[in-house]
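Next comes my_file.csv, a file with CSV, C-alpha atoms.
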```csv
chain,number,residue,atom,x,y,z
A,254,MET,CA,-4.2,27.7,5.2
A,255,SER,CA,-2.7,25.2,2.8
A,256,ARG,CA,0.2,27.6,2.2
A,257,ILE,CA,0.8,27.7,5.9
A,258,ILE,CA,0.9,23.9,6.0
A,259,VAL,CA,3.4,23.8,3.2
A,260,ALA,CA,5.6,26.4,4.9
A,261,LEU,CA,5.4,24.5,8.1
A,262,LEU,CA,6.5,21.2,6.4
A,263,TRP,CA,9.3,23.0,4.7
A,264,LEU,CA,10.5,24.4,8.1
A,265,LEU,CA,10.2,21.0,9.9
A,266,HIS,CA,11.9,19.0,7.1
A,267,TRP,CA,15.2,20.5,8.2
A,268,LEU,CA,14.9,18.8,11.6
A,269,PRO,CA,16.4,15.4,12.3
A,270,LEU,CA,13.9,12.6,11.9
A,271,SER,CA,14.2,11.8,15.6
A,272,ILE,CA,12.7,15.2,16.3
A,273,GLN,CA,10.1,15.2,13.6
A,274,ALA,CA,8.7,11.9,14.7
A,275,PRO,CA,7.5,12.9,18.2
A,276,ILE,CA,6.2,16.2,16.8
A,277,GLY,CA,4.2,14.2,14.2
A,278,ARG,CA,2.9,11.7,16.8
A,279,SER,CA,1.7,14.5,19.1
A,280,ILE,CA,-0.2,16.2,16.2
A,281,GLY,CA,-1.7,12.8,15.3
A,282,LEU,CA,-2.9,12.1,18.8
A,283,LEU,CA,-4.4,15.6,19.0
A,284,LEU,CA,-6.2,15.0,15.7
A,285,TYR,CA,-7.6,11.7,17.2
A,286,TRP,CA,-9.6,13.8,19.6
A,287,ILE,CA,-10.4,16.7,17.3
A,288,ILE,CA,-11.6,15.0,14.1
A,289,ALA,CA,-14.5,12.9,15.5
A,290,PRO,CA,-15.9,11.8,12.1
A,291,ARG,CA,-12.6,10.2,11.0
A,292,ARG,CA,-12.1,8.7,14.5
A,293,ARG,CA,-15.4,7.0,14.1
A,294,VAL,CA,-14.4,5.7,10.6
A,295,VAL,CA,-11.2,4.2,12.1
A,296,HIS,CA,-13.1,2.6,15.0
A,297,THR,CA,-15.7,1.1,12.6
A,298,ASN,CA,-13.0,-0.3,10.3
A,299,LEU,CA,-11.1,-1.9,13.2
A,300,ARG,CA,-14.3,-3.4,14.6
A,301,LEU,CA,-15.2,-4.9,11.3
A,302,CYS,CA,-11.7,-6.2,10.5
A,303,PHE,CA,-10.7,-7.3,14.0
A,304,PRO,CA,-13.9,-8.4,15.7
A,305,ASP,CA,-12.1,-10.8,18.1
A,306,LEU,CA,-9.7,-8.1,19.4
A,307,PRO,CA,-10.8,-6.7,22.8
A,308,GLU,CA,-12.3,-3.2,22.6
A,309,ALA,CA,-9.5,-1.7,24.7
A,310,GLN,CA,-6.9,-3.0,22.3
A,311,ARG,CA,-8.8,-1.7,19.3
A,312,ARG,CA,-9.0,1.7,20.8
A,313,ALA,CA,-5.2,1.6,21.5
A,314,LEU,CA,-4.6,0.5,17.9
A,315,ALA,CA,-6.8,3.5,16.7
A,316,ARG,CA,-4.8,6.0,18.8
A,317,GLU,CA,-1.5,4.5,17.5
A,318,HIS,CA,-2.8,4.8,13.9
A,319,PHE,CA,-3.5,8.5,14.4
A,320,ALA,CA,-0.1,9.0,16.0
A,321,LEU,CA,1.6,7.4,12.9
A,322,ALA,CA,-0.7,9.3,10.6
A,323,GLY,CA,0.5,12.5,12.2
A,324,ARG,CA,4.1,11.4,11.6
A,325,SER,CA,3.4,10.6,7.9
A,326,LEU,CA,1.9,14.1,7.5
A,327,ILE,CA,4.8,15.9,9.1
A,328,GLU,CA,7.5,13.7,7.4
A,329,ARG,CA,5.9,14.3,4.0
A,330,GLY,CA,8.0,17.4,3.9
A,331,LEU,CA,11.0,15.1,3.4
A,332,ALA,CA,9.3,13.7,0.2
A,333,TRP,CA,8.7,17.3,-1.0
A,334,PHE,CA,11.9,19.1,0.0
A,335,ALA,CA,14.7,16.8,1.2
A,336,PRO,CA,17.6,16.3,-1.3
A,337,GLU,CA,18.0,12.9,-2.9
A,338,ALA,CA,20.9,11.9,-0.8
A,339,ARG,CA,18.9,12.4,2.4
A,340,VAL,CA,15.9,10.6,1.1
A,341,ARG,CA,18.2,7.6,0.3
A,342,ARG,CA,19.6,7.7,3.8
A,343,ILE,CA,16.2,7.8,5.5
A,344,VAL,CA,14.5,5.2,3.3
A,345,ARG,CA,16.1,1.9,2.8
A,346,VAL,CA,15.0,-0.4,0.0
A,347,GLU,CA,15.0,-4.2,0.4
A,348,GLY,CA,14.6,-6.1,-2.8
A,349,GLU,CA,15.8,-3.3,-5.1
A,350,GLU,CA,17.9,-5.9,-7.0
A,351,ILE,CA,14.6,-7.7,-7.8
A,352,LEU,CA,13.2,-4.7,-9.6
A,353,ALA,CA,16.5,-4.0,-11.4
A,354,ARG,CA,16.8,-7.6,-12.5
A,355,LEU,CA,13.2,-7.7,-14.0
A,356,ILE,CA,13.8,-4.4,-15.8
A,357,ALA,CA,17.1,-5.8,-17.2
A,358,GLN,CA,15.2,-8.8,-18.4
A,359,ARG,CA,12.7,-6.5,-20.2
A,360,GLN,CA,9.9,-7.7,-17.9
A,361,PRO,CA,7.1,-5.3,-17.3
A,362,VAL,CA,6.3,-5.0,-13.6
A,363,ILE,CA,3.3,-3.9,-11.5
A,364,MET,CA,4.3,-3.0,-7.9
A,365,LEU,CA,1.2,-3.8,-5.9
A,366,THR,CA,1.3,-1.1,-3.2
A,367,PRO,CA,-1.2,-1.2,-0.4
A,368,HIS,CA,-2.2,2.0,1.4
A,369,PHE,CA,0.3,2.0,4.2
A,370,LEU,CA,1.1,5.4,5.8
A,371,GLY,CA,4.6,5.5,4.5
A,372,LEU,CA,3.8,5.0,0.8
A,373,ASP,CA,4.6,8.6,-0.2
A,374,LEU,CA,8.1,8.5,1.1
A,375,GLY,CA,8.5,5.0,-0.3
A,376,GLY,CA,7.4,6.2,-3.7
A,377,THR,CA,9.8,9.1,-3.6
A,378,ARG,CA,12.7,6.8,-2.7
A,379,LEU,CA,11.9,4.4,-5.5
A,380,ALA,CA,11.7,7.4,-7.9
A,381,ALA,CA,15.3,8.2,-7.0
A,382,SER,CA,16.3,4.8,-8.5
A,383,PHE,CA,13.7,4.0,-11.1
A,384,ASP,CA,11.6,5.8,-13.7
A,385,CYS,CA,8.1,4.7,-12.8
A,386,VAL,CA,4.5,5.2,-13.7
A,387,SER,CA,1.7,5.8,-11.2
A,388,ILE,CA,-1.9,7.1,-11.2
A,389,TYR,CA,-2.4,10.6,-9.8
A,390,ALA,CA,-5.6,11.7,-8.2
A,391,ARG,CA,-5.9,15.5,-8.4
A,392,GLN,CA,-6.5,17.3,-5.1
A,393,ARG,CA,-9.2,19.9,-4.5
A,394,ASP,CA,-6.7,22.3,-3.0
A,395,PRO,CA,-4.5,23.6,-5.8
A,396,VAL,CA,-1.6,24.3,-3.5
A,397,ILE,CA,-1.6,20.8,-2.0
A,398,ASP,CA,-2.1,19.4,-5.5
A,399,GLN,CA,1.0,21.2,-6.7
A,400,TRP,CA,3.2,20.0,-4.0
A,401,LEU,CA,2.0,16.4,-4.0
A,402,PHE,CA,2.6,16.3,-7.8
A,403,HIS,CA,6.1,17.8,-7.2
A,404,GLY,CA,6.9,15.3,-4.5
A,405,ARG,CA,6.0,12.4,-6.7
A,406,SER,CA,7.8,13.6,-9.8
A,407,ARG,CA,10.9,15.5,-8.7
A,408,PHE,CA,13.4,12.7,-9.1
A,409,GLY,CA,14.2,11.0,-12.4
A,410,SER,CA,11.6,10.9,-15.2
A,411,GLN,CA,8.3,9.9,-13.7
A,412,VAL,CA,5.0,9.5,-15.5
A,413,LEU,CA,1.9,10.5,-13.5
A,414,LEU,CA,-1.4,9.6,-15.1
A,415,ARG,CA,-4.9,10.8,-14.4
A,416,ARG,CA,-7.5,8.1,-13.6
A,417,ASP,CA,-9.3,8.6,-16.8
A,418,GLU,CA,-6.2,7.8,-18.9
A,419,SER,CA,-4.8,5.1,-16.7
A,420,VAL,CA,-5.3,1.8,-18.6
A,421,ARG,CA,-3.9,2.3,-22.1
A,422,ALA,CA,-1.2,4.8,-21.0
A,423,SER,CA,-0.1,2.7,-18.0
A,424,ILE,CA,0.3,-0.4,-20.2
A,425,LYS,CA,2.3,1.6,-22.7
A,426,ALA,CA,4.5,2.9,-19.9
A,427,MET,CA,5.0,-0.6,-18.4
A,428,LYS,CA,6.2,-1.8,-21.8
A,429,GLU,CA,8.7,1.0,-21.8
A,430,MET,CA,10.1,-0.7,-18.7
A,431,ARG,CA,8.6,1.7,-16.2
A,432,PRO,CA,7.5,-0.2,-13.0
A,433,PHE,CA,3.9,0.7,-12.2
A,434,TYR,CA,3.4,2.0,-8.6
A,435,TYR,CA,-0.2,0.7,-8.3
A,436,LEU,CA,-2.5,1.3,-5.4
A,437,PRO,CA,-5.7,-0.7,-5.8
A,438,ASP,CA,-7.1,-1.1,-2.3
A,439,MET,CA,-9.5,1.8,-1.9
A,440,ASP,CA,-13.3,2.0,-2.3
A,441,ASN,CA,-13.8,3.9,-5.6
A,442,GLY,CA,-17.5,2.8,-5.9
A,443,ILE,CA,-18.9,-0.1,-7.8
A,444,GLU,CA,-17.7,1.0,-11.3
A,445,ASP,CA,-14.7,-1.2,-12.4
A,446,SER,CA,-15.0,-3.1,-9.0
A,447,ILE,CA,-16.3,-6.4,-7.7
A,448,PHE,CA,-17.2,-7.4,-4.2
A,449,SER,CA,-14.5,-9.4,-2.6
A,450,PRO,CA,-13.8,-10.3,1.1
A,451,PHE,CA,-11.3,-8.1,3.0
A,452,PHE,CA,-10.9,-9.3,6.5
A,453,GLY,CA,-14.1,-11.3,6.0
A,454,VAL,CA,-16.1,-8.3,5.0
A,455,GLN,CA,-17.4,-7.8,1.4
A,456,ALA,CA,-15.5,-4.8,0.0
A,457,ALA,CA,-15.9,-3.1,-3.4
A,458,THR,CA,-12.5,-3.8,-4.9
A,459,LEU,CA,-10.9,-2.7,-8.1
A,460,SER,CA,-10.7,-5.7,-10.5
A,461,ALA,CA,-8.1,-4.2,-12.8
A,462,LEU,CA,-5.0,-5.9,-11.5
A,463,PRO,CA,-5.4,-9.2,-13.4
A,464,ARG,CA,-6.4,-7.4,-16.5
A,465,LEU,CA,-3.5,-5.0,-16.4
A,466,THR,CA,-1.1,-7.8,-15.7
A,467,ARG,CA,-2.4,-9.8,-18.7
A,468,LEU,CA,-2.5,-6.9,-21.1
A,469,GLY,CA,0.9,-5.6,-20.1
A,470,GLY,CA,2.5,-9.0,-20.1
A,471,ALA,CA,3.6,-8.0,-16.6
A,472,VAL,CA,4.4,-9.7,-13.3
A,473,VAL,CA,3.2,-8.5,-9.9
A,474,VAL,CA,5.5,-7.8,-7.0
A,475,THR,CA,4.3,-6.5,-3.6
A,476,CYS,CA,5.7,-3.1,-2.5
A,477,VAL,CA,5.3,-2.1,1.1
A,478,THR,CA,6.8,0.8,3.0
A,479,ARG,CA,7.2,0.4,6.8
A,480,MET,CA,7.7,3.3,9.1
A,481,LEU,CA,10.3,2.5,11.7
A,482,PRO,CA,10.2,3.8,15.3
A,483,GLY,CA,11.5,7.3,16.1
A,484,GLY,CA,14.3,8.5,13.9
A,485,GLN,CA,15.2,5.1,12.4
A,486,GLY,CA,13.6,5.9,9.0
A,487,TYR,CA,11.6,3.8,6.6
A,488,VAL,CA,12.0,0.5,4.8
A,489,VAL,CA,10.6,-0.3,1.4
A,490,THR,CA,10.3,-4.1,0.8
A,491,LEU,CA,9.8,-5.5,-2.7
A,492,SER,CA,8.8,-9.2,-3.1
A,493,GLU,CA,9.7,-11.7,-5.7
A,494,PRO,CA,7.2,-11.9,-8.5
A,495,TRP,CA,3.9,-13.7,-7.9
A,496,THR,CA,3.6,-17.0,-9.7
A,497,ASP,CA,0.5,-18.3,-11.5
A,498,PHE,CA,-1.0,-14.8,-11.8
A,499,PRO,CA,-3.4,-14.0,-13.4
A,500,SER,CA,-5.2,-17.3,-13.2
A,501,GLY,CA,-8.0,-16.4,-15.7
A,502,ASP,CA,-10.5,-16.2,-12.9
A,503,VAL,CA,-11.0,-12.6,-12.1
A,504,GLU,CA,-12.8,-13.2,-8.8
A,505,ALA,CA,-10.1,-15.6,-7.6
A,506,ASP,CA,-7.4,-13.2,-8.6
A,507,VAL,CA,-9.0,-10.2,-6.8
A,508,HIS,CA,-9.5,-12.5,-3.8
A,509,ARG,CA,-5.8,-13.4,-3.9
A,510,MET,CA,-4.9,-9.7,-4.0
A,511,ASN,CA,-7.0,-8.8,-1.0
A,512,ALA,CA,-5.7,-11.8,0.9
A,513,ALA,CA,-2.1,-10.8,0.2
A,514,ILE,CA,-2.9,-7.3,1.5
A,515,GLU,CA,-4.6,-8.7,4.6
A,516,ASP,CA,-1.4,-10.7,5.4
A,517,LEU,CA,0.7,-7.5,5.0
A,518,VAL,CA,-1.7,-5.5,7.2
A,519,ARG,CA,-1.5,-8.1,10.0
A,520,THR,CA,2.3,-7.5,10.2
A,521,MET,CA,1.8,-3.8,11.0
A,522,PRO,CA,-1.9,-3.1,11.6
A,523,ALA,CA,-1.5,0.5,13.0
A,524,GLN,CA,0.2,1.6,9.7
A,525,TYR,CA,-2.7,0.7,7.3
A,526,TYR,CA,-4.8,3.6,6.1
A,527,TRP,CA,-7.8,3.0,8.3
A,528,VAL,CA,-9.1,6.6,8.0
A,529,HIS,CA,-10.4,5.6,4.6
A,530,ARG,CA,-14.0,4.4,4.4
A,531,ARG,CA,-13.0,1.0,2.9
A,532,PHE,CA,-16.5,-0.5,3.2
A,533,LYS,CA,-18.5,2.5,2.1
A,534,THR,CA,-20.0,0.7,-1.0
A,535,ARG,CA,-22.3,-2.1,0.2
A,536,PRO,CA,-23.8,-5.0,-1.7
A,537,GLU,CA,-27.4,-4.5,-2.6
A,538,GLY,CA,-29.7,-4.8,0.4
A,539,GLU,CA,-26.9,-4.3,3.0
A,540,ALA,CA,-27.1,-1.4,5.4
A,541,LYS,CA,-24.4,1.3,5.5
A,542,VAL,CA,-21.7,0.8,8.0
A,543,TYR,CA,-20.5,4.4,8.5
```
As a first step, turn the structure in this file into structure tokens.
Amino acid sequence: MSRIIVALLWLLHWLPLSIQAPIGRSIGLLLYWIIAPRRRVVHTNLRLCFPDLPEAQRRALAREHFALAGRSLIERGLAWFAPEARVRRIVRVEGEEILARLIAQRQPVIMLTPHFLGLDLGGTRLAASFDCVSIYARQRDPVIDQWLFHGRSRFGSQVLLRRDESVRASIKAMKEMRPFYYLPDMDNGIEDSIFSPFFGVQAATLSALPRLTRLGGAVVVTCVTRMLPGGQGYVVTLSEPWTDFPSGDVEADVHRMNAAIEDLVRTMPAQYYWVHRRFKTRPEGEAKVY
């Protein structure tokens, strides 16, 4: 089955983005009705994070999320197969000069990259301009694993690290002036995490960002990939470096990170990765939410 999916993505990647986009949206809306467990996860996440939003609007937001998730699935073929020139045309980078300036100043950088649906194409586009480091989670399916690895490493000289080798190796890579494409906003259990509010709900949150910043002598910039409507492509936006970070207070620093991600999610709520069970790990004594 996975080989069929890869072949389909290869065939579709030849199409203009204006044709791929509606195909992807249709597939996503179909999956909304077919994959009931993930639909329930999305509805639960939206209810927890947007309790004041009317139920009809939350359901419409959930359907739009699935439509965009379908797009991100189909358009992933561009990250795997499209030539560099086409990737550059489809994905525009705002703030590329910020990253170039920091590298020229020999300043290690962590790109704080929340889980928005366009992050794979955004990462591929950045790899066309910069040699980066990122953490790679192996996939159970060896065929999908092969192509995900290929898509993230086919431009430039990228360093992809396993989770178990991430800290020391990532710091070394950052000091070699490789920006760190860092995705810290998933529930990986309580190990190496603390509970911090995310949309007012306590969420098990990786606490490594302030430590990595301090050990690497790095600065943090936010890195967000926005999917544009139809065939308009994508935009990667890099911010200026954060100031006064880390503060020395891990809980305050993690709270600041979650608050920054919240602010970004509010700008495009349908594009955040709501199919993930963000609140799976609960504080002691709290009931499960999924």
Which of A:His403, A:Arg324, A:Arg291, A:Arg311 sits closest to Gly483 (chain A) [using all atoms listed in the file]: A:Arg324
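For the residues A:Ala422, A:Leu481, A:Ala320, A:Ile363, ranking by smallest atom-to-atom distance to Phe498 (chain A) using only C-alpha atoms places A:Ile363 first.
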Report as a PDB file with C-alpha atoms, in the coordinates of the input all protein, DNA and RNA residues lying within 10 Å of Asp438 (chain A), evaluated on all atoms listed in the file, omitting residues in the same chain fewer than 4 positions from it.
```pdb
ATOM      1  CA  LEU A 365       1.200  -3.800  -5.900  1.00  0.00           C
ATOM      2  CA  THR A 366       1.300  -1.100  -3.200  1.00  0.00           C
ATOM      3  CA  PRO A 367      -1.200  -1.200  -0.400  1.00  0.00           C
ATOM      4  CA  HIS A 368      -2.200   2.000   1.400  1.00  0.00           C
ATOM      5  CA  PHE A 451     -11.300  -8.100   3.000  1.00  0.00           C
ATOM      6  CA  ALA A 456     -15.500  -4.800   0.000  1.00  0.00           C
ATOM      7  CA  ALA A 457     -15.900  -3.100  -3.400  1.00  0.00           C
ATOM      8  CA  THR A 458     -12.500  -3.800  -4.900  1.00  0.00           C
ATOM      9  CA  LEU A 459     -10.900  -2.700  -8.100  1.00  0.00           C
ATOM     10  CA  MET A 510      -4.900  -9.700  -4.000  1.00  0.00           C
ATOM     11  CA  ASN A 511      -7.000  -8.800  -1.000  1.00  0.00           C
ATOM     12  CA  ILE A 514      -2.900  -7.300   1.500  1.00  0.00           C
ATOM     13  CA  TYR A 526      -4.800   3.600   6.100  1.00  0.00           C
ATOM     14  CA  ARG A 531     -13.000   1.000   2.900  1.00  0.00           C
TER      15      ARG A 531
END
```
Shell of 9 Å around Gly409 (chain A), all atoms listed in the file, local chain residues under 5 positions omitted, as number ranges by chain: A: 380-385
Separation of CA of Arg416 (chain A) from CA of Arg256 (chain A), in Å and rounded to one decimal: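 That distance, rounded to one decimal, is 26.3 Å.
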Among the residues A:Arg312, A:Arg292, A:Arg405, A:Arg415, the one that comes closest to Val528 (chain A) [using only C-alpha atoms]: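 When distances to Val528 (chain A) are compared using only C-alpha atoms, the smallest one comes from A:Arg292.
Taking all atoms listed in the file, the non-local environment of Leu372 (chain A) within 10 Å (same-chain residues fewer than 3 positions away omitted) comprises A:Ser325, A:Thr366, A:Pro367, A:His368, A:Phe369, A:Gly375, A:Gly376, A:Thr377, A:Arg378, A:Tyr434, A:Leu436, A:Cys476, A:Val477, A:Thr478, A:Arg479, A:Met480, A:Tyr487, A:Val489.
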How would the residues just picked look written out with C-alpha atoms as a PDB file, in the frame of the given file?
```pdb
ATOM      1  CA  SER A 325       3.400  10.600   7.900  1.00  0.00           C
ATOM      2  CA  THR A 366       1.300  -1.100  -3.200  1.00  0.00           C
ATOM      3  CA  PRO A 367      -1.200  -1.200  -0.400  1.00  0.00           C
ATOM      4  CA  HIS A 368      -2.200   2.000   1.400  1.00  0.00           C
ATOM      5  CA  PHE A 369       0.300   2.000   4.200  1.00  0.00           C
ATOM      6  CA  GLY A 375       8.500   5.000  -0.300  1.00  0.00           C
ATOM      7  CA  GLY A 376       7.400   6.200  -3.700  1.00  0.00           C
ATOM      8  CA  THR A 377       9.800   9.100  -3.600  1.00  0.00           C
ATOM      9  CA  ARG A 378      12.700   6.800  -2.700  1.00  0.00           C
ATOM     10  CA  TYR A 434       3.400   2.000  -8.600  1.00  0.00           C
ATOM     11  CA  LEU A 436      -2.500   1.300  -5.400  1.00  0.00           C
ATOM     12  CA  CYS A 476       5.700  -3.100  -2.500  1.00  0.00           C
ATOM     13  CA  VAL A 477       5.300  -2.100   1.100  1.00  0.00           C
ATOM     14  CA  THR A 478       6.800   0.800   3.000  1.00  0.00           C
ATOM     15  CA  ARG A 479       7.200   0.400   6.800  1.00  0.00           C
ATOM     16  CA  MET A 480       7.700   3.300   9.100  1.00  0.00           C
ATOM     17  CA  TYR A 487      11.600   3.800   6.600  1.00  0.00           C
ATOM     18  CA  VAL A 489      10.600  -0.300   1.400  1.00  0.00           C
TER      19      VAL A 489
END
```
Answer as a PyMOL selection string, residues within 12 Å of (-2.4, -6.4, -21.6) using all atoms listed in the file: chain A and resi 361-363+420-428+461-472+499
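With all atoms listed in the file as the atoms that count, the minimum distance from Gly486 (chain A) to the choices A:Pro275, A:Pro307, A:Gly348, A:Gly371 is reached by A:Gly371.
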